[in-house]
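Peer 1: Just protein07.txt, nothing more (compact mmCIF, C-alpha atoms):
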# COMPACT_ATOMS: atom_id res chain seq x y z
CA MET A 20 157.80 55.52 53.24
CA ARG A 21 156.29 54.12 56.45
CA THR A 22 154.29 57.28 57.11
CA ALA A 23 152.87 57.34 53.58
CA THR A 24 151.77 53.72 53.84
CA ARG A 25 150.02 54.39 57.11
CA ILE A 26 148.11 57.40 55.82
CA ASN A 27 147.02 55.28 52.83
CA ASP A 28 145.55 52.71 55.20
CA ARG A 29 143.75 55.34 57.20
CA LEU A 30 142.37 56.97 54.04
CA ALA A 31 141.25 53.57 52.78
CA ALA A 32 139.41 52.92 56.06
CA ASP A 33 137.81 56.36 56.34
CA VAL A 34 138.44 59.08 53.74
CA ASP A 35 136.79 61.90 55.66
CA GLY A 36 138.33 60.88 58.96
CA ALA A 37 141.90 60.77 57.61
CA PHE A 38 141.67 63.64 55.13
CA PRO A 39 142.50 66.40 57.68
CA GLU A 40 145.75 64.55 58.36
CA LEU A 41 146.56 64.57 54.65
CA VAL A 42 145.83 68.30 54.44
CA LEU A 43 148.02 69.09 57.44
CA ALA A 44 150.85 66.91 56.15
CA TYR A 45 150.96 68.32 52.61
CA GLN A 46 149.49 71.84 52.68
CA ASP A 47 152.77 73.74 53.19
CA ARG A 48 154.64 71.96 50.39
CA LEU A 49 151.67 72.09 48.05
CA TYR A 50 151.12 75.77 48.71
CA SER A 51 154.83 76.62 48.24
CA GLY A 52 155.09 74.81 44.92
CA ILE A 53 151.79 76.18 43.63
CA ARG A 54 152.79 79.70 44.66
CA SER A 55 155.91 79.50 42.48
CA TYR A 56 153.59 78.72 39.55
CA VAL A 57 150.65 81.07 40.08
CA GLY A 58 152.01 83.77 42.41
CA SER A 59 150.88 84.58 45.93
CA ALA A 60 147.58 86.27 45.02
CA ASP A 61 146.00 83.03 43.70
CA ALA A 62 148.10 80.38 45.45
CA GLU A 63 145.65 79.79 48.31
CA ASP A 64 142.66 79.38 45.98
CA VAL A 65 144.51 76.99 43.68
CA THR A 66 145.82 74.95 46.64
CA GLN A 67 142.32 74.71 48.08
CA GLU A 68 140.98 73.55 44.72
CA ALA A 69 143.73 70.92 44.50
CA PHE A 70 142.70 69.47 47.87
CA ILE A 71 139.02 69.52 46.92
CA ARG A 72 139.80 67.55 43.75
CA ALA A 73 141.98 65.16 45.72
CA HIS A 74 139.14 64.57 48.18
CA ARG A 75 136.66 63.99 45.36
CA ALA A 76 139.05 61.54 43.70
CA LEU A 77 139.63 59.63 46.95
CA GLN A 78 135.88 59.19 47.37
CA SER A 79 135.64 57.64 43.91
CA TYR A 80 138.59 55.22 44.34
CA ASN A 81 138.17 51.69 45.60
CA ARG A 82 140.06 50.44 48.63
CA GLU A 83 142.92 48.93 46.67
CA GLN A 84 143.44 52.11 44.66
CA VAL A 85 143.73 54.14 47.87
CA GLU A 86 146.03 51.60 49.52
CA THR A 87 148.48 51.61 46.62
CA LEU A 88 148.31 55.34 45.91
CA GLN A 89 151.63 57.21 45.84
CA VAL A 90 150.25 60.17 47.73
CA SER A 91 152.80 62.87 47.01
CA PRO A 92 153.20 62.36 43.22
CA TRP A 93 149.42 61.92 42.93
CA LEU A 94 148.75 65.24 44.70
CA TRP A 95 151.27 66.95 42.45
CA THR A 96 149.67 65.56 39.31
CA ILE A 97 146.40 67.17 40.44
CA ALA A 98 148.09 70.43 41.49
CA LEU A 99 150.13 70.84 38.30
CA ASN A 100 147.04 70.31 36.15
CA LEU A 101 145.37 73.15 38.03
CA CYS A 102 148.46 75.36 37.66
CA ARG A 103 148.44 74.80 33.91
CA ASN A 104 144.70 75.53 33.74
CA TRP A 105 145.31 78.67 35.76
CA ALA A 106 148.02 79.82 33.34
CA ARG A 107 145.74 79.17 30.37
CA THR A 108 142.89 81.16 31.93
CA LYS A 109 145.23 84.01 32.82
CA SER A 110 146.65 84.21 29.30
CA ARG A 111 143.11 84.52 27.92
CA ARG A 112 142.48 87.43 30.29
CA PRO A 113 145.91 89.06 30.34
CA GLN A 114 146.88 91.17 33.32
CA THR A 115 149.95 93.23 33.95
CA ARG A 116 152.59 90.96 35.39
CA GLN A 117 154.47 93.78 37.03
CA LEU A 118 153.64 93.63 40.71
CA THR A 119 153.07 97.10 42.08
CA PHE A 120 153.65 98.03 45.70
CA ASP A 121 149.89 98.48 46.14
CA GLN A 122 149.20 94.91 45.07
CA ALA A 123 151.90 93.61 47.37
CA GLY A 124 150.36 95.51 50.27
CA ALA A 125 146.88 94.14 49.56
CA ASP A 126 148.18 90.57 49.50
CA ALA A 127 146.42 88.33 52.03
CA THR A 128 149.68 86.65 53.00
CA GLU A 129 151.23 90.06 53.74
CA LEU A 130 154.54 89.62 52.01
CA THR A 131 156.88 92.55 52.20
CA ALA A 132 157.36 94.41 48.93
CA ILE A 133 160.85 92.95 48.62
CA GLU A 134 159.65 89.38 49.18
CA ALA A 135 156.81 89.87 46.71
CA ALA A 136 159.18 91.25 44.05
CA MET A 137 161.60 88.38 44.62
CA LEU A 138 158.82 85.79 44.40
CA ASP A 139 157.55 87.40 41.21
CA GLY A 140 161.08 87.43 39.78
CA TRP A 141 161.46 83.69 40.35
CA LYS A 142 157.98 83.00 39.02
CA GLN A 143 158.92 84.75 35.76
CA ARG A 144 162.30 83.02 35.48
CA LEU A 145 160.69 79.61 36.04
CA GLU A 146 158.05 80.41 33.41
CA SER A 147 160.77 80.81 30.81
CA LEU A 148 161.96 77.19 31.31
CA SER A 149 160.52 74.29 29.33
CA GLU A 150 157.51 72.65 30.98
CA ALA A 151 159.52 69.55 31.94
CA GLN A 152 162.43 71.53 33.38
CA ARG A 153 160.19 73.90 35.27
CA THR A 154 158.22 71.05 36.86
CA ALA A 155 161.38 69.14 37.75
CA VAL A 156 163.13 72.18 39.27
CA VAL A 157 160.11 73.27 41.33
CA LEU A 158 159.34 69.76 42.59
CA ARG A 159 163.00 69.06 43.41
CA HIS A 160 164.11 72.31 45.00
CA VAL A 161 161.01 74.24 46.13
CA VAL A 162 158.93 71.22 47.21
CA GLY A 163 161.70 68.71 47.96
CA LEU A 164 160.43 65.63 46.11
CA SER A 165 162.83 62.79 45.28
CA TYR A 166 163.84 62.15 41.65
CA LEU A 167 161.78 58.97 41.77
CA GLU A 168 158.68 60.90 42.82
CA ILE A 169 159.35 63.54 40.15
CA SER A 170 159.63 60.85 37.49
CA THR A 171 156.24 59.49 38.62
CA VAL A 172 154.66 62.93 38.23
CA THR A 173 156.22 63.71 34.85
CA HIS A 174 156.03 60.13 33.45
CA ARG A 175 159.70 60.35 32.48
CA PRO A 176 162.56 58.04 33.52
CA VAL A 177 164.41 58.93 36.74
CA GLY A 178 167.57 59.75 34.75
CA THR A 179 165.61 62.18 32.61
CA ALA A 180 164.16 63.82 35.73
CA LYS A 181 167.71 64.37 36.98
CA THR A 182 168.74 65.86 33.64
CA ASP A 183 165.66 68.08 33.64
CA VAL A 184 166.61 69.47 37.05
CA SER A 185 170.26 70.13 36.19
CA ARG A 186 169.46 71.65 32.77
CA GLY A 187 166.74 73.72 34.41
CA LEU A 188 169.21 75.04 36.98
CA ALA A 189 171.73 75.82 34.22
CA ALA A 190 169.07 77.72 32.30
CA LEU A 191 168.17 79.69 35.43
CA ARG A 192 171.88 80.51 35.92
CA LYS A 193 172.03 81.86 32.38
CA ILE A 194 168.88 83.96 32.91
CA ILE A 195 170.25 85.46 36.13
CA THR A 196 173.58 86.25 34.47
CA GLU A 197 171.77 87.99 31.63
CA GLU A 198 169.64 89.93 34.13
CA GLY A 199 172.88 91.14 35.74
CA LEU A 200 174.23 92.34 32.42
CA GLN A 201 171.20 94.45 31.65
CA MET B 11 174.48 76.46 41.28
CA ASN B 12 174.27 76.42 45.07
CA ASP B 13 173.09 80.00 45.33
CA ILE B 14 170.25 79.28 42.90
CA VAL B 15 169.26 76.09 44.75
CA GLN B 16 169.30 78.02 48.01
CA GLN B 17 167.08 80.74 46.62
CA LEU B 18 164.65 78.17 45.22
CA GLU B 19 164.56 76.43 48.60
CA GLY B 20 163.81 79.85 50.08
CA LEU B 21 160.53 79.85 48.10
CA ALA B 22 159.24 77.12 50.42
CA THR B 23 156.85 78.65 52.91
CA THR B 24 153.99 77.79 55.21
CA ALA B 25 150.43 77.79 53.91
CA PRO B 26 148.17 80.65 55.06
CA GLU B 27 146.41 79.86 58.34
CA THR B 28 142.99 80.09 56.69
CA LEU B 29 143.76 77.33 54.17
CA THR B 30 143.23 74.26 56.38
CA ALA B 31 139.82 75.32 57.63
CA SER B 32 138.59 76.36 54.19
CA VAL B 33 139.68 73.03 52.68
CA LEU B 34 138.03 71.00 55.44
CA VAL B 35 134.83 73.04 55.25
CA ALA B 36 134.72 72.76 51.44
CA THR B 37 135.28 68.99 51.50
CA GLY B 38 133.10 68.32 54.55
CA SER B 39 135.91 66.22 56.00
CA GLY B 40 137.40 66.96 59.38
CA ARG B 41 135.70 67.70 62.66
CA PHE B 42 133.29 70.55 63.24
CA TYR B 43 131.24 71.83 66.14
CA THR B 44 128.26 74.03 66.76
CA THR B 45 125.95 74.93 69.64
CA VAL B 46 122.30 73.96 69.97
CA PRO B 47 119.71 74.70 72.66
CA GLY B 48 119.48 71.67 74.98
CA PRO B 49 116.88 70.69 77.58
CA THR B 50 118.85 72.37 80.40
CA GLY B 51 120.99 74.93 78.52
CA GLU B 52 123.15 75.38 75.43
CA LEU B 53 125.06 72.31 74.27
CA LEU B 54 128.21 71.95 72.18
CA VAL B 55 127.66 69.40 69.45
CA GLY B 56 130.68 67.99 67.61
CA TRP B 57 129.90 66.56 64.18
CA SER B 58 131.62 65.12 61.13
CA SER B 59 130.48 63.23 58.06
CA ALA B 60 130.44 60.09 60.25
CA GLY B 61 127.86 61.57 62.64
CA ILE B 62 127.79 63.27 66.04
CA TYR B 63 131.04 62.46 67.85
CA ALA B 64 130.70 64.63 70.97
CA VAL B 65 128.24 66.55 73.13
CA ALA B 66 129.12 68.76 76.12
CA PRO B 67 127.76 71.77 78.00
CA VAL B 68 128.99 75.07 76.47
CA SER B 69 130.92 75.79 79.67
CA GLU B 70 133.31 73.01 78.56
CA LEU B 71 134.36 74.72 75.30
CA ALA B 72 138.09 74.99 76.10
CA ARG B 73 138.36 71.32 77.08
CA PHE B 74 136.15 70.32 74.13
CA LEU B 75 138.44 72.02 71.59
CA GLU B 76 141.51 70.47 73.17
CA GLU B 77 140.07 66.96 73.36
CA HIS B 78 138.96 66.70 69.76
CA THR B 79 142.04 67.78 67.84
CA THR B 80 143.08 66.00 64.66
CA GLY B 81 146.85 66.25 64.17
CA GLY B 82 146.95 69.44 66.25
CA LEU B 83 143.95 70.96 64.49
CA GLY B 84 140.94 71.65 66.69
CA PRO B 85 137.36 71.21 65.53
CA ILE B 86 136.14 74.03 63.30
CA SER B 87 133.08 76.08 64.24
CA LYS B 88 130.45 75.35 61.59
CA ASP B 89 126.71 74.92 61.66
CA LEU B 90 125.26 71.44 61.20
CA PRO B 91 124.00 70.52 57.73
CA SER B 92 120.22 71.07 57.67
CA LYS B 93 119.25 67.38 57.78
CA GLN B 94 121.44 66.66 60.80
CA ARG B 95 120.29 69.89 62.41
CA ARG B 96 116.66 68.72 62.17
CA GLN B 97 117.59 65.28 63.49
CA VAL B 98 119.46 66.73 66.49
CA ALA B 99 116.56 69.06 67.31
CA ALA B 100 114.10 66.14 67.03
CA ALA B 101 116.30 63.91 69.23
CA LEU B 102 116.56 66.57 71.93
CA GLU B 103 112.82 67.26 71.72
CA SER B 104 111.72 63.63 71.88
CA GLY B 105 114.51 62.28 74.08
CA LYS B 106 115.15 59.52 71.51
CA LEU B 107 117.95 59.22 68.93
CA GLY B 108 115.62 58.39 66.06
CA GLY B 109 117.58 58.30 62.79
CA LEU B 110 120.42 60.49 64.08
CA ALA B 111 123.87 59.00 63.40
CA VAL B 112 126.25 59.05 66.35
CA ASP B 113 129.92 58.22 65.82
CA LEU B 114 131.06 55.76 68.50
CA SER B 115 133.92 54.40 66.37
CA GLY B 116 136.63 55.24 68.91
CA LEU B 117 135.04 53.08 71.60
CA THR B 118 135.36 49.41 72.55
CA GLU B 119 132.60 46.95 71.67
CA PHE B 120 131.60 46.81 75.34
CA GLN B 121 131.32 50.61 75.57
CA GLN B 122 129.28 50.70 72.37
CA ALA B 123 126.93 47.99 73.63
CA VAL B 124 126.40 49.90 76.90
CA LEU B 125 125.61 53.12 75.03
CA ARG B 126 123.31 51.47 72.48
CA LYS B 127 121.31 49.81 75.26
CA THR B 128 121.16 53.09 77.20
CA ALA B 129 119.83 54.85 74.09
CA ASP B 130 116.73 52.60 74.34
CA ILE B 131 115.69 53.82 77.81
CA PRO B 132 112.59 56.00 77.35
CA PRO B 133 112.62 59.63 78.51
CA GLY B 134 111.66 60.25 82.12
CA GLN B 135 112.68 56.75 83.21
CA LEU B 136 115.60 55.48 85.27
CA ARG B 137 117.34 52.10 85.15
CA PRO B 138 120.15 50.86 87.40
CA TYR B 139 123.71 50.22 86.08
CA GLY B 140 123.22 46.54 86.88
CA TRP B 141 120.20 46.41 84.57
CA VAL B 142 122.28 47.67 81.61
CA ALA B 143 125.00 45.12 82.45
CA ARG B 144 122.47 42.28 82.48
CA GLU B 145 120.69 43.42 79.33
CA ILE B 146 123.92 43.39 77.30
CA GLY B 147 124.76 39.92 78.62
CA LYS B 148 127.48 41.00 81.06
CA PRO B 149 125.70 40.66 84.43
CA GLY B 150 128.92 40.99 86.44
CA ALA B 151 130.04 44.22 84.77
CA THR B 152 128.01 46.75 86.76
CA ARG B 153 131.03 48.91 87.61
CA ALA B 154 132.36 48.77 84.04
CA VAL B 155 128.94 49.97 82.85
CA GLY B 156 129.25 52.91 85.24
CA SER B 157 132.62 53.93 83.88
CA ALA B 158 131.54 53.43 80.25
CA LEU B 159 128.59 55.76 80.88
CA ASN B 160 130.84 58.23 82.70
CA ARG B 161 132.85 58.46 79.47
CA ASN B 162 129.82 58.69 77.19
CA PRO B 163 131.05 60.97 74.34
CA VAL B 164 127.50 62.03 73.43
CA PRO B 165 125.64 62.67 76.70
CA VAL B 166 122.04 63.93 76.56
CA LEU B 167 121.66 62.45 73.04
CA ILE B 168 122.56 59.04 74.46
CA PRO B 169 120.78 59.45 77.80
CA CYS B 170 123.30 58.22 80.38
CA HIS B 171 121.40 60.48 82.78
CA ARG B 172 118.67 57.79 82.71
CA VAL B 173 120.94 55.24 84.38
CA GLY B 174 121.32 55.37 88.16
CA ARG B 175 122.82 53.47 91.04
CA SER B 176 121.81 49.94 91.88
CA ASP B 177 120.36 51.16 95.19
CA GLY B 178 117.72 52.99 93.14
CA THR B 179 119.07 56.52 93.65
CA VAL B 180 119.81 58.94 90.80
CA GLY B 181 123.58 58.95 91.44
CA GLN B 182 126.51 60.72 89.83
CA TYR B 183 127.01 62.38 86.43
CA ALA B 184 130.09 63.32 84.42
CA TYR B 185 129.06 67.00 84.48
CA GLY B 186 127.89 66.94 88.10
CA PRO B 187 124.80 65.37 89.73
CA GLU B 188 122.78 68.59 89.46
CA MET B 189 122.82 68.47 85.64
CA LYS B 190 121.62 64.87 85.75
CA ARG B 191 118.73 65.84 88.06
CA SER B 192 117.83 68.81 85.84
CA LEU B 193 117.78 66.61 82.74
CA LEU B 194 115.46 64.12 84.47
CA ARG B 195 113.25 66.94 85.75
CA ALA B 196 113.01 68.30 82.19
CA GLU B 197 111.66 64.87 81.19
CA GLY B 198 109.01 64.94 83.91
CA LEU B 199 110.74 62.75 86.50
CA ASP B 200 111.15 64.05 90.06
CA PRO B 201 114.67 62.99 91.16
CA ASP B 202 113.96 63.82 94.81
CA ALA B 203 110.98 61.46 94.85
CA VAL B 204 113.15 58.75 93.22
CA ASP B 205 115.84 59.16 95.88
CA GLU B 206 113.25 59.26 98.69
CA ALA B 207 111.62 55.96 97.61
CA ALA B 208 115.04 54.36 97.12
CA SER B 209 116.11 55.44 100.62
CA ARG B 210 113.10 53.54 102.00
CA GLY B 211 114.40 50.42 100.25
CA VAL B 212 111.88 50.44 97.39
CA ARG B 213 113.41 48.91 94.22
CA TYR B 214 110.30 47.90 92.29
CA LEU B 215 106.58 48.64 92.21
CA GLY B 216 103.97 45.94 91.70
CA SER B 217 100.27 45.99 90.91
CA ALA B 218 98.04 44.02 93.27
CA THR B 219 95.57 43.42 90.45
CA THR B 220 97.82 42.43 87.52
CA LYS B 221 100.55 40.88 89.72
CA ILE B 222 103.19 42.50 87.50
CA TYR B 223 106.19 44.33 88.94
CA CYS B 224 108.26 47.08 87.26
CA HIS B 225 111.09 49.51 87.79
CA PRO B 226 109.50 52.39 89.76
CA THR B 227 109.83 54.79 86.81
CA CYS B 228 108.51 52.42 84.11
CA HIS B 229 105.42 53.96 82.54
CA HIS B 230 103.43 50.82 83.41
CA ALA B 231 104.35 51.29 87.09
CA ARG B 232 103.21 54.86 86.96
CA ARG B 233 99.77 53.79 85.74
CA ILE B 234 99.13 51.60 88.81
CA LYS B 235 96.34 53.08 90.98
CA GLU B 236 97.57 54.13 94.38
CA ALA B 237 95.27 51.64 96.13
CA ASN B 238 96.77 48.74 94.14
CA ARG B 239 100.43 49.84 94.32
CA VAL B 240 102.75 47.48 96.18
CA GLU B 241 106.27 48.59 97.08
CA LEU B 242 108.81 45.79 96.64
CA VAL B 243 112.35 45.64 98.04
CA ASP B 244 113.85 43.03 95.73
CA ALA B 245 113.03 40.81 92.77
CA ALA B 246 113.28 37.51 94.66
CA LYS B 247 110.68 38.60 97.20
CA ALA B 248 108.45 39.91 94.42
CA GLU B 249 108.59 36.57 92.62
CA ARG B 250 107.90 34.68 95.86
CA ALA B 251 104.89 36.92 96.44
CA GLY B 252 103.54 35.79 93.07
CA PHE B 253 104.53 38.80 90.93
CA ARG B 254 106.00 38.42 87.47
CA ALA B 255 108.45 40.83 85.84
CA CYS B 256 107.18 43.49 83.43
CA LEU B 257 108.00 42.56 79.84
CA VAL B 258 108.71 46.19 78.93
CA CYS B 259 111.12 47.42 81.62
CA ARG B 260 112.47 43.91 82.33
CA PRO B 261 113.35 44.17 86.02
CA ALA B 262 115.87 41.73 87.50
CA VAL B 263 114.74 38.14 87.45
CA ALA B 264 115.78 36.29 90.62
CA ALA B 265 118.85 34.15 90.14
Represent the supplied structure as structure tokens.
Peer 2:
Amino acid sequence: MRTATRINDRLAADVDGAFPELVLAYQDRLYSGIRSYVGSADAEDVTQEAFIRAHRALQSYNREQVETLQVSPWLWTIALNLCRNWARTKSRRPQTRQLTFDQAGADATELTAIEAAMLDGWKQRLESLSEAQRTAVVLRHVVGLSYLEISTVTHRPVGTAKTDVSRGLAALRKIITEEGLQ
Amino acid sequence: MNDIVQQLEGLATTAPETLTASVLVATGSGRFYTTVPGPTGELLVGWSSAGIYAVAPVSELARFLEEHTTGGLGPISKDLPSKQRRQVAAALESGKLGGLAVDLSGLTEFQQAVLRKTADIPPGQLRPYGWVAREIGKPGATRAVGSALNRNPVPVLIPCHRVGRSDGTVGQYAYGPEMKRSLLRAEGLDPDAVDEAASRGVRYLGSATTKIYCHPTCHHARRIKEANRVELVDAAKAERAGFRACLVCRPAVAA
């Protein structure tokens, strides 16, 4: 955790000066995890919003709060809130979830149709998990957080975080098997 | 489960290239740059929320972008916020910093002291390196003053072009002596006349009526009528001849 401690100190000394470093260090993981929640069309916007909220929060914290911040779980708490808000907004204005080839082609990140279909498939499978299992699986295996960090995000004991991941994986296995039988 | 874990790990990707810049622009953090018209041509101006951190001629763009990276990310092209834009324009127009914030945080205390003192030199006037050294209380550090000014991150705004050699000549400049001479010319000072007087050994000008002596480019020196103007070769001789140092430009007082 040496790196994390050092970025805390730099953020505490100068939020704006150190913030680019935070963005560069976390943007890939944040974007990947968020994309598995909201899909590739909105992932960039949601990730940007997460960083903007993080920046705003850092400006309002006192020095001690910044120095003791657990950066990665804290960022994920912000990001997951936005993902849940996004899902709520989307369900109020329902859209077809089937990704057409046209949509895939218009995607800013230029995924191939196969990649886009695969991403959408995983997004839908993950959506069918319980909230706790979905969060634990994404943070563990897409983002690569430790169980300790996951338990900080979800406010559940470390043992429960482990169980959430393994039950989540088992549920995904069952879904894939059922898909194969169809 | 391994196949599932592998596929989930395969969902990890890199963020779109546009994300970093849009986040830094939206939060106003990070380093930005823009160009502004300067007294002798377009200038690159690097800015952040902490103030202006760099100034360079536009011809230096490639080096500028390379020098000011943050974790491999170069400064982002973005116009100054309107308040800073007005302050930069006013500083370039008046030749004085005014309320403009400059970010000298990466420099040593000595370098900062040199630059802050240099910022006080009025437009169209020249002071020797040794004068800056003495004014900041480091009379022996003439050469260190020269190298601090050579590495001035915000030239033109902090007018290191107004500091010259101890022999009274205009001297060198980080972007070449011609730019220094052009900047002085734009402020109404003739660098050739400065060098010519210096080559004749003139270091100070005194007034025969007031018995005050000044740096040759001090505005009080320039008001002396030609008939009363006395050319002086050093401070000790001036003092012996009954002159006292100008309280504004504070020429060397004999040791």
Peer 1: Under the rule of at most 12 Å, produce a per-residue listing of stretch 56-117 of chain B near stretch 34-52 of chain A: chain, number, name, the closest pair of atoms, and the distance in Å, as a tab-separated table, using all atoms listed in the file.
Peer 2:
residue	atom	partner	partner_atom	distance
B:Trp57	CA	A:Gly36	CA	11.4
B:Ser58	CA	A:Asp35	CA	8.2
B:Ser59	CA	A:Asp35	CA	6.9
B:Ala60	CA	A:Gly36	CA	8.0
B:Gly61	CA	A:Gly36	CA	11.1
B:Tyr63	CA	A:Gly36	CA	11.6
B:Thr79	CA	A:Pro39	CA	10.3
B:Thr80	CA	A:Glu40	CA	7.0
B:Gly81	CA	A:Glu40	CA	6.2
B:Gly82	CA	A:Leu43	CA	8.9
B:Leu83	CA	A:Pro39	CA	8.3
B:Gly84	CA	A:Pro39	CA	10.5
B:Pro85	CA	A:Pro39	CA	10.5
B:Ile86	CA	A:Pro39	CA	11.4
B:Asp113	CA	A:Gly36	CA	11.2
B:Ser115	CA	A:Gly36	CA	10.8
B:Gly116	CA	A:Gly36	CA	11.6
Peer 1: I need the residue nearest chain A from this list: B:Gln16, B:Ser39, B:Ser209, B:Thr179. Use only C-alpha atoms for the distance.
Peer 2: B:Ser39
Peer 1: Between atom CA of B:Ile14 and atom CA of A:His160, what is the spacing in Å?
Peer 2: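 Calculated distance between atom CA of A:His160 and atom CA of B:Ile14 is 9.5 Å.
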Peer 1: Given the choices A:Ser110, A:Thr66, A:Ser79, A:Asn27, which gets closest to chain B if the distance is worked out from all atoms listed in the file?
Peer 2: A:Thr66
Peer 1: Tell me the residues of chain B close to chain A, meaning within 6 Å using all atoms listed in the file, as an mmCIF file with C-alpha atoms, keeping the file's coordinate frame.
Peer 2:
data_model
loop_
_atom_site.group_PDB
_atom_site.id
_atom_site.type_symbol
_atom_site.label_atom_id
_atom_site.label_comp_id
_atom_site.auth_asym_id
_atom_site.auth_seq_id
_atom_site.Cartn_x
_atom_site.Cartn_y
_atom_site.Cartn_z
ATOM 1 C CA LEU B 18 164.650 78.170 45.220
ATOM 2 C CA GLU B 19 164.560 76.430 48.600
ATOM 3 C CA LEU B 21 160.530 79.850 48.100
ATOM 4 C CA ALA B 22 159.240 77.120 50.420
ATOM 5 C CA THR B 23 156.850 78.650 52.910
ATOM 6 C CA THR B 24 153.990 77.790 55.210
ATOM 7 C CA ALA B 25 150.430 77.790 53.910
ATOM 8 C CA VAL B 33 139.680 73.030 52.680
ATOM 9 C CA THR B 37 135.280 68.990 51.500
ATOM 10 C CA SER B 39 135.910 66.220 56.000
ATOM 11 C CA GLY B 40 137.400 66.960 59.380
#
Peer 1: Which one is closest to B:Ser69: B:Val212, B:Leu54, B:Leu257, B:Ala123? Count only C-alpha atoms.
Peer 2: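 Smallest separation from B:Ser69 among the options: B:Leu54.
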Peer 1: What's the 12 Å shell around B:Leu194, counting only C-alpha atoms, without same-chain residues fewer than 3 positions away, as number ranges by chain?
Peer 2: B: 49-50, 105, 132-136, 166, 169-174, 180-181, 183, 187-191, 197-204, 227
Peer 1: With C-alpha atoms retained, export the selected residues as a CSV table (one decimal), in the frame of the given file.
Peer 2:
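Once written, out_30.csv looks like this:
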chain,number,residue,atom,x,y,z
B,49,PRO,CA,116.9,70.7,77.6
B,50,THR,CA,118.8,72.4,80.4
B,105,GLY,CA,114.5,62.3,74.1
B,132,PRO,CA,112.6,56.0,77.4
B,133,PRO,CA,112.6,59.6,78.5
B,134,GLY,CA,111.7,60.2,82.1
B,135,GLN,CA,112.7,56.8,83.2
B,136,LEU,CA,115.6,55.5,85.3
B,166,VAL,CA,122.0,63.9,76.6
B,169,PRO,CA,120.8,59.4,77.8
B,170,CYS,CA,123.3,58.2,80.4
B,171,HIS,CA,121.4,60.5,82.8
B,172,ARG,CA,118.7,57.8,82.7
B,173,VAL,CA,120.9,55.2,84.4
B,174,GLY,CA,121.3,55.4,88.2
B,180,VAL,CA,119.8,58.9,90.8
B,181,GLY,CA,123.6,59.0,91.4
B,183,TYR,CA,127.0,62.4,86.4
B,187,PRO,CA,124.8,65.4,89.7
B,188,GLU,CA,122.8,68.6,89.5
B,189,MET,CA,122.8,68.5,85.6
B,190,LYS,CA,121.6,64.9,85.8
B,191,ARG,CA,118.7,65.8,88.1
B,197,GLU,CA,111.7,64.9,81.2
B,198,GLY,CA,109.0,64.9,83.9
B,199,LEU,CA,110.7,62.8,86.5
B,200,ASP,CA,111.2,64.0,90.1
B,201,PRO,CA,114.7,63.0,91.2
B,202,ASP,CA,114.0,63.8,94.8
B,203,ALA,CA,111.0,61.5,94.8
B,204,VAL,CA,113.2,58.8,93.2
B,227,THR,CA,109.8,54.8,86.8
Peer 1: Kindly complete stretch 165-172 of chain A to N, CA, C and O atoms; the output should be written as a compact mmCIF listing (two decimals), keeping the file's coordinate frame.
Peer 2:
# COMPACT_ATOMS: atom_id res chain seq x y z
N SER A 165 161.71 63.58 45.78
CA SER A 165 162.83 62.79 45.28
C SER A 165 162.73 62.70 43.75
O SER A 165 161.67 62.94 43.18
N TYR A 166 163.86 62.30 43.12
CA TYR A 166 163.84 62.15 41.65
C TYR A 166 162.84 61.09 41.23
O TYR A 166 162.17 61.21 40.20
N LEU A 167 162.73 60.04 42.07
CA LEU A 167 161.78 58.97 41.77
C LEU A 167 160.34 59.51 41.76
O LEU A 167 159.55 59.22 40.86
N GLU A 168 160.04 60.33 42.76
CA GLU A 168 158.68 60.90 42.82
C GLU A 168 158.45 61.84 41.63
O GLU A 168 157.37 61.85 41.04
N ILE A 169 159.48 62.63 41.29
CA ILE A 169 159.35 63.54 40.15
C ILE A 169 159.08 62.76 38.87
O ILE A 169 158.22 63.13 38.05
N SER A 170 159.81 61.63 38.72
CA SER A 170 159.63 60.85 37.49
C SER A 170 158.22 60.26 37.43
O SER A 170 157.67 60.09 36.35
N THR A 171 157.63 59.97 38.60
CA THR A 171 156.24 59.49 38.62
C THR A 171 155.27 60.58 38.17
O THR A 171 154.32 60.32 37.44
N VAL A 172 155.54 61.82 38.61
CA VAL A 172 154.66 62.93 38.23
C VAL A 172 154.77 63.22 36.74
O VAL A 172 153.76 63.43 36.06
